[in-house]
Amino acid sequence: MNKIGLYIHVPFCASKCGYCDFYSRVRPDLIAPYIAALKEELRRWEGRGLQADTLFFGGGTPSLLPPREVGALISLCRRIFSLGAEAEVTLEANPDTVSLESLAGYRRAGVNRLSMGMQSAVAKELRLLARSHSPEAVKLAVGAAREAGFDNLSLDLMLGLPRQTMDSLKYSLEAATALNPEHLSCYILKIEKNTAFNRRLMQRYCPSDDLTADFYLAVSHFLQEHGYAHYEISNFAQPGRESLHNLKYWRSEDYLGFGPAAHSCFAGQRFFHPADVVQYINTKGQDRIADGPAGSAEERLMLALRLAEGVCPQNLPDSFDWADFISRCAPYEKGGLMARTDAGGIRLTERGFLLSNSILANLL
């Protein structure tokens with residue numbers, strides 16, 4: 001039996017960042033009833049013989065949960081899903097919500113990977129994003145994480161920010177790599193409809209598409225020069241430090257999502273919880289909605305081509321016409337946007353990553 005991934009959504013934040021479109025609420029009063037409902041949902045999977053080898057606490061701000069509660073959830077997953085001691089257990093954290101004491105508590109509880117929202121090393125950029133931490137807080141949090149025993153740390157950076165320049169981006173990259181994280185996630189800002197940034201028309205102050213493309217290629221070049229493999233469109237890792245949990249998404253493997261707004265892909269089906277923490281609490285997590293079948297050739301291609309390893313014919317249904325697909329990729333190969341892999345597949349190049357949405361739309 002293939003081992004699955006587990007995702008737990010923690011839909012709480014101390015404040016809402018201007019750019020964020022992830023589901024979260026500033027409702028500390030709901031944390032305790034939410035955890036109780038979450039445990040109820042987890043227990044309903046008991047006795048099915050499922051095994052998991054990754055667990056990811058995402059948000060929101062999971063580091064708002066006390067270590068004892070995180071530990072209780074990990075213990076429950078160990079019992080229900082045979083989550084072993086060697087499993088990858090990731091917790092997302094904001095630098096200003098952690099301390100040496102809390103980080104040591106998370107480590108003792110079984111968290112062995114941290115994903116920390118740095119976003120920028122430039123104070124004015126952080127203020128513009130409405131981030132509540134300072135550049136100095138990131139350094140202190142990383143130092144505390146190392147002291148607490150974490151040897152697998154990921155930092156998030158953003159590019160294409162309002163009024164960001166190539167110089168300010170490089171400053172953030174230098175600050176981030178000076179902290180020697182094992183992993184970096186570097187996301188291009190996309191201003192979504194239901195955000196403060198959209199209401200404030202912040203797109204006016206963002207770099208042009210061409211300049212943002214230059215930022216992206218500069219980030220990739222800089223990080224690869226510093227020993228990080230560009231293994232996914234937005235992700236870079238030192239050797240062997242890729243996010244095992246997120247690789248399950250891109251490789252179309254099974255995972256279960258718990259909590260409001262969490263999505264699942266399991267046994268050939270997709271389903272999700274509505275983005276409503278009060279409803280989730282009231283139903284004790286019994287509000288899942290079916291979202292259709294999973295695993296079509298188109299879906300597998302769309303996800304796998306996010307990876308530098310690309311896609312191979314053996315990863316697609318037997319009915320898929322690989323020869324026809326390769327012939328349709330030929331113009332992109334000629335243009336340097338796609339390339340063949342040593343394993344007999346095809347992948348997007350660095351420049352192809354930049355145009356992945358339009359390339360995939362045309363191919364699929």
# chains A, B, ... in the order shown; residues from 1 in each chain; ligands from 1
$ closest_atom_pairs --of "stretch 218-308 of chain A" --to "stretch 112-134 of chain A" --cutoff "12 Å" --atoms "only C-alpha atoms" --output "tab-separated table"
residue	atom	partner	partner_atom	distance
A:Arg241	CA	A:Arg113	CA	10.0
A:Glu242	CA	A:Arg113	CA	11.1
A:Ser243	CA	A:Arg113	CA	9.2
A:Leu244	CA	A:Arg113	CA	10.6
A:His245	CA	A:Arg113	CA	10.9
$ residues_around --residues "A:His263" --least-positions-apart "3" --cutoff "6 Å" --atoms "only C-alpha atoms" --output "MDAnalysis selection string"
chainID A and resid 257 271:272
$ write_last_selection --atoms "N, CA and C atoms" --output "PDB file, in the first residue's frame"
ATOM      1  N   GLY A 257      -6.925  15.913   3.436  1.00  0.00           N
ATOM      2  CA  GLY A 257      -6.896  17.232   4.042  1.00  0.00           C
ATOM      3  C   GLY A 257      -7.963  17.368   5.113  1.00  0.00           C
ATOM      4  N   PHE A 271     -12.183  15.698  -2.921  1.00  0.00           N
ATOM      5  CA  PHE A 271     -13.237  16.275  -2.099  1.00  0.00           C
ATOM      6  C   PHE A 271     -12.610  17.333  -1.201  1.00  0.00           C
ATOM      7  N   PHE A 272     -13.457  18.178  -0.626  1.00  0.00           N
ATOM      8  CA  PHE A 272     -12.924  19.306   0.154  1.00  0.00           C
ATOM      9  C   PHE A 272     -13.925  19.741   1.208  1.00  0.00           C
TER      10      PHE A 272
END
$ closest_residue --among "A:Ile191, A:Ile281, A:Leu73, A:Val89" --to "A:Asn152" --atoms "only C-alpha atoms"
A:Val89
$ closest_residue --among "A:Arg204, A:Lys193, A:Lys248, A:Lys334" --to "A:Leu55" --atoms "only C-alpha atoms"
A:Lys248
$ residues_around --residues "A:Leu179" --least-positions-apart "4" --cutoff "10 Å" --atoms "only C-alpha atoms" --output "number ranges by chain"
A: 138-139, 142-143, 153, 155, 174-175
$ write_last_selection --atoms "C-alpha atoms" --output "mmCIF file, in the first residue's frame"
data_model
loop_
_atom_site.group_PDB
_atom_site.id
_atom_site.type_symbol
_atom_site.label_atom_id
_atom_site.label_comp_id
_atom_site.auth_asym_id
_atom_site.auth_seq_id
_atom_site.Cartn_x
_atom_site.Cartn_y
_atom_site.Cartn_z
ATOM 1 C CA VAL A 138 13.491 36.271 11.110
ATOM 2 C CA LYS A 139 17.138 35.965 12.145
ATOM 3 C CA VAL A 142 15.884 30.894 12.657
ATOM 4 C CA GLY A 143 18.539 30.967 15.384
ATOM 5 C CA LEU A 153 14.054 24.598 7.598
ATOM 6 C CA LEU A 155 11.909 30.013 4.160
ATOM 7 C CA GLU A 174 21.439 37.287 0.277
ATOM 8 C CA ALA A 175 19.826 37.618 3.700
#
$ closest_residue --among "A:Ala32, A:Leu91, A:Ala196, A:Met302" --to "A:Thr61" --atoms "only C-alpha atoms"
A:Leu91
$ closest_atom_pairs --of "stretch 190-277 of chain A" --to "stretch 338-362 of chain A" --cutoff "10 Å" --atoms "only C-alpha atoms" --output "CSV"
residue,atom,partner,partner_atom,distance
A:Thr212,CA,A:Leu354,CA,9.7
A:Ala213,CA,A:Leu354,CA,6.9
A:Asp214,CA,A:Leu354,CA,9.9
A:Tyr216,CA,A:Leu354,CA,7.8
A:Leu217,CA,A:Glu350,CA,7.4
A:Ser220,CA,A:Glu350,CA,8.0
A:His221,CA,A:Glu350,CA,9.6
A:His230,CA,A:Glu350,CA,8.7
A:Glu232,CA,A:Phe353,CA,8.8
A:Ile233,CA,A:Phe353,CA,5.9
A:Ser234,CA,A:Phe353,CA,9.0
$ closest_residue --among "A:Val26, A:Ala109, A:Ile289, A:Leu363" --to "A:Val277" --atoms "only C-alpha atoms"
A:Val26
$ closest_residue --among "A:Tyr106, A:Tyr249, A:Phe320, A:Phe197" --to "A:Cys20" --atoms "only C-alpha atoms"
A:Phe197
$ residues_around --residues "A:Asp254" --least-positions-apart "2" --cutoff "9 Å" --atoms "only C-alpha atoms" --output "number ranges by chain"
A: 2-5, 248-249, 252, 256, 264-268
$ write_last_selection --atoms "C-alpha atoms" --output "CSV table (one decimal), in the first residue's frame"
chain,number,residue,atom,x,y,z
A,2,ASN,CA,1.3,3.4,-0.9
A,3,LYS,CA,1.6,5.8,2.0
A,4,ILE,CA,-0.5,8.9,1.9
A,5,GLY,CA,0.1,12.5,2.9
A,248,LYS,CA,2.8,14.1,-3.3
A,249,TYR,CA,0.6,16.8,-4.8
A,252,SER,CA,-0.7,12.9,-8.1
A,256,LEU,CA,-6.1,13.7,3.0
A,264,SER,CA,-8.2,15.8,-0.5
A,265,CYS,CA,-7.2,13.5,-3.3
A,266,PHE,CA,-7.9,9.9,-2.3
A,267,ALA,CA,-8.9,6.6,-3.9
A,268,GLY,CA,-9.4,8.3,-7.3
$ atom_distance --atom1 "atom CA of A:Phe236" --atom2 "atom CA of A:Gly259"
27.9 Å
$ atom_distance --atom1 "atom CA of A:Ile8" --atom2 "atom CA of A:Phe258"
4.8 Å
$ closest_residue --among "A:Glu309, A:Met166, A:Gln286, A:Glu299" --to "A:Ala229" --atoms "only C-alpha atoms"
A:Glu309
$ residues_around --residues "A:Ser208" --least-positions-apart "4" --cutoff "12 Å" --atoms "only C-alpha atoms" --output "VMD selection string"
chain A and resid 159 to 165 188 to 189 203 to 204 212 to 215
$ select_by_dssp --residues "stretch 27-242 of chain A" --states "strand (DSSP E or B)" --output "PyMOL selection string"
chain A and resi 52-59+88-93+113-119+153-159+183-188+229-232+235-237
$ write_last_selection --atoms "N, CA and C atoms" --output "short mmCIF file (atom, residue, chain, number, x, y, z; two decimals), in the first residue's frame"
data_model
loop_
_atom_site.label_atom_id
_atom_site.label_comp_id
_atom_site.auth_asym_id
_atom_site.auth_seq_id
_atom_site.Cartn_x
_atom_site.Cartn_y
_atom_site.Cartn_z
N ALA A 52 0.50 6.74 6.59
CA ALA A 52 0.96 8.04 6.10
C ALA A 52 2.45 8.21 6.40
N ASP A 53 3.12 8.97 5.54
CA ASP A 53 4.53 9.25 5.80
C ASP A 53 4.86 10.74 5.72
N THR A 54 3.83 11.60 5.56
CA THR A 54 4.04 13.04 5.68
C THR A 54 2.82 13.65 6.39
N LEU A 55 3.08 14.70 7.16
CA LEU A 55 2.03 15.46 7.82
C LEU A 55 2.42 16.93 7.73
N PHE A 56 1.50 17.76 7.25
CA PHE A 56 1.79 19.18 7.02
C PHE A 56 0.73 20.01 7.72
N PHE A 57 1.17 20.85 8.67
CA PHE A 57 0.29 21.82 9.30
C PHE A 57 0.41 23.14 8.54
N GLY A 58 -0.64 23.50 7.79
CA GLY A 58 -0.61 24.73 7.00
C GLY A 58 -1.67 25.71 7.48
N GLY A 59 -1.64 26.90 6.91
CA GLY A 59 -2.59 27.90 7.42
C GLY A 59 -2.88 29.01 6.45
N GLU A 88 8.01 12.84 7.60
CA GLU A 88 8.23 14.29 7.53
C GLU A 88 7.01 15.00 8.13
N VAL A 89 7.25 15.79 9.18
CA VAL A 89 6.17 16.53 9.85
C VAL A 89 6.52 18.01 9.81
N THR A 90 5.77 18.76 9.00
CA THR A 90 6.06 20.18 8.75
C THR A 90 5.07 21.06 9.48
N LEU A 91 5.56 22.15 10.02
CA LEU A 91 4.71 23.17 10.64
C LEU A 91 5.05 24.52 10.03
N GLU A 92 4.05 25.20 9.48
CA GLU A 92 4.25 26.58 9.03
C GLU A 92 4.27 27.51 10.23
N ALA A 93 5.15 28.52 10.18
CA ALA A 93 5.30 29.42 11.32
C ALA A 93 5.59 30.83 10.84
N ARG A 113 10.23 19.58 10.62
CA ARG A 113 10.49 20.50 9.51
C ARG A 113 9.67 21.77 9.76
N LEU A 114 10.32 22.92 9.62
CA LEU A 114 9.66 24.21 9.77
C LEU A 114 9.60 24.92 8.43
N SER A 115 8.47 25.55 8.15
CA SER A 115 8.33 26.40 6.97
C SER A 115 7.99 27.79 7.47
N MET A 116 8.93 28.72 7.35
CA MET A 116 8.79 30.02 7.98
C MET A 116 8.55 31.12 6.95
N GLY A 117 7.59 31.97 7.23
CA GLY A 117 7.22 33.04 6.30
C GLY A 117 8.10 34.26 6.45
N MET A 118 9.23 34.27 5.76
CA MET A 118 10.13 35.42 5.77
C MET A 118 9.61 36.52 4.85
N GLN A 119 9.29 36.18 3.62
CA GLN A 119 8.71 37.03 2.57
C GLN A 119 9.68 38.07 2.02
N LEU A 153 14.74 23.31 7.51
CA LEU A 153 14.05 24.60 7.60
C LEU A 153 13.83 25.15 6.20
N SER A 154 12.61 25.61 5.96
CA SER A 154 12.27 26.26 4.70
C SER A 154 11.88 27.71 4.96
N LEU A 155 12.30 28.61 4.08
CA LEU A 155 11.91 30.01 4.16
C LEU A 155 11.10 30.38 2.93
N ASP A 156 10.06 31.18 3.12
CA ASP A 156 9.26 31.72 2.01
C ASP A 156 9.76 33.11 1.66
N LEU A 157 9.91 33.36 0.36
CA LEU A 157 10.21 34.69 -0.15
C LEU A 157 9.18 35.04 -1.22
N MET A 158 8.94 36.35 -1.41
CA MET A 158 8.00 36.80 -2.44
C MET A 158 8.73 37.73 -3.41
N LEU A 159 8.34 37.65 -4.68
CA LEU A 159 8.89 38.55 -5.69
C LEU A 159 7.76 39.15 -6.51
N HIS A 183 15.74 24.73 2.44
CA HIS A 183 14.72 24.83 1.40
C HIS A 183 14.25 26.28 1.30
N LEU A 184 13.91 26.71 0.09
CA LEU A 184 13.34 28.04 -0.12
C LEU A 184 12.16 27.93 -1.08
N SER A 185 11.06 28.60 -0.72
CA SER A 185 9.92 28.73 -1.62
C SER A 185 9.83 30.19 -2.04
N CYS A 186 9.85 30.44 -3.34
CA CYS A 186 9.90 31.81 -3.86
C CYS A 186 8.71 32.03 -4.78
N TYR A 187 7.75 32.80 -4.32
CA TYR A 187 6.48 32.95 -5.01
C TYR A 187 6.35 34.32 -5.65
N ILE A 188 5.86 34.33 -6.88
CA ILE A 188 5.51 35.59 -7.53
C ILE A 188 4.17 36.06 -6.97
N ALA A 229 18.78 23.28 -5.71
CA ALA A 229 18.22 22.77 -6.96
C ALA A 229 16.83 23.36 -7.16
N HIS A 230 16.56 23.80 -8.39
CA HIS A 230 15.24 24.35 -8.73
C HIS A 230 14.36 23.17 -9.13
N TYR A 231 13.74 22.54 -8.13
CA TYR A 231 13.06 21.26 -8.41
C TYR A 231 11.58 21.42 -8.75
N GLU A 232 11.01 22.60 -8.49
CA GLU A 232 9.61 22.87 -8.82
C GLU A 232 9.49 24.34 -9.15
N ASN A 235 9.99 26.34 -6.05
CA ASN A 235 10.68 25.73 -4.91
C ASN A 235 12.09 25.30 -5.23
N PHE A 236 12.97 25.51 -4.24
CA PHE A 236 14.39 25.24 -4.35
C PHE A 236 14.85 24.49 -3.10
N ALA A 237 15.74 23.53 -3.28
CA ALA A 237 16.16 22.73 -2.13
C ALA A 237 17.61 22.32 -2.23
#
$ atom_distance --atom1 "atom CA of A:Gly110" --atom2 "atom CA of A:Glu136"
27.1 Å
$ select_by_dssp --residues "stretch 51-257 of chain A" --states "helix (DSSP H, G or I)" --output "number ranges by chain"
A: 62-64, 67-81, 95-97, 100-109, 123-128, 135-147, 166-178, 196-199, 202-205, 209-225, 244-250
$ residues_around --residues "A:Phe12" --least-positions-apart "4" --cutoff "9 Å" --atoms "only C-alpha atoms" --output "list in words"
Tyr23, Ser24, Arg25, Val26, Arg27, Pro28, Leu30, Ile31, Gly59, Gly60, Thr61, Pro62 and Leu64 of chain A
$ decode --residues "stretch 304-343 of chain A" --atoms "C-alpha atoms" --output "tab-separated table (two decimals), in the first residue's frame"
chain	number	residue	atom	x	y	z
A	304	ALA	CA	3.90	16.91	-13.08
A	305	LEU	CA	5.06	19.66	-15.43
A	306	ARG	CA	5.46	21.91	-12.40
A	307	LEU	CA	8.44	19.71	-11.50
A	308	ALA	CA	11.92	19.90	-12.99
A	309	GLU	CA	11.76	16.11	-13.38
A	310	GLY	CA	8.83	16.58	-15.78
A	311	VAL	CA	6.50	13.81	-16.84
A	312	CYS	CA	7.06	10.35	-18.35
A	313	PRO	CA	4.60	8.23	-20.36
A	314	GLN	CA	4.58	5.53	-17.66
A	315	ASN	CA	3.06	8.06	-15.23
A	316	LEU	CA	0.02	8.55	-17.48
A	317	PRO	CA	-2.95	6.30	-18.31
A	318	ASP	CA	-2.29	3.69	-21.00
A	319	SER	CA	-4.96	5.29	-23.17
A	320	PHE	CA	-3.06	8.59	-23.35
A	321	ASP	CA	-1.56	9.32	-26.79
A	322	TRP	CA	2.01	10.14	-25.80
A	323	ALA	CA	3.26	10.44	-29.38
A	324	ASP	CA	0.61	13.03	-30.20
A	325	PHE	CA	1.40	14.96	-27.03
A	326	ILE	CA	5.13	15.03	-27.84
A	327	SER	CA	4.39	16.28	-31.34
A	328	ARG	CA	2.36	19.14	-29.85
A	329	CYS	CA	5.28	19.95	-27.53
A	330	ALA	CA	7.68	20.28	-30.50
A	331	PRO	CA	7.21	24.05	-31.01
A	332	TYR	CA	7.94	24.66	-27.34
A	333	GLU	CA	11.04	22.46	-27.52
A	334	LYS	CA	12.24	24.41	-30.52
A	335	GLY	CA	11.64	27.65	-28.65
A	336	GLY	CA	13.66	26.49	-25.64
A	337	LEU	CA	10.62	26.30	-23.34
A	338	MET	CA	10.53	22.49	-23.05
A	339	ALA	CA	13.19	19.78	-23.14
A	340	ARG	CA	13.41	15.97	-23.09
A	341	THR	CA	14.48	14.22	-19.89
A	342	ASP	CA	16.98	11.42	-19.42
A	343	ALA	CA	14.10	9.19	-18.27
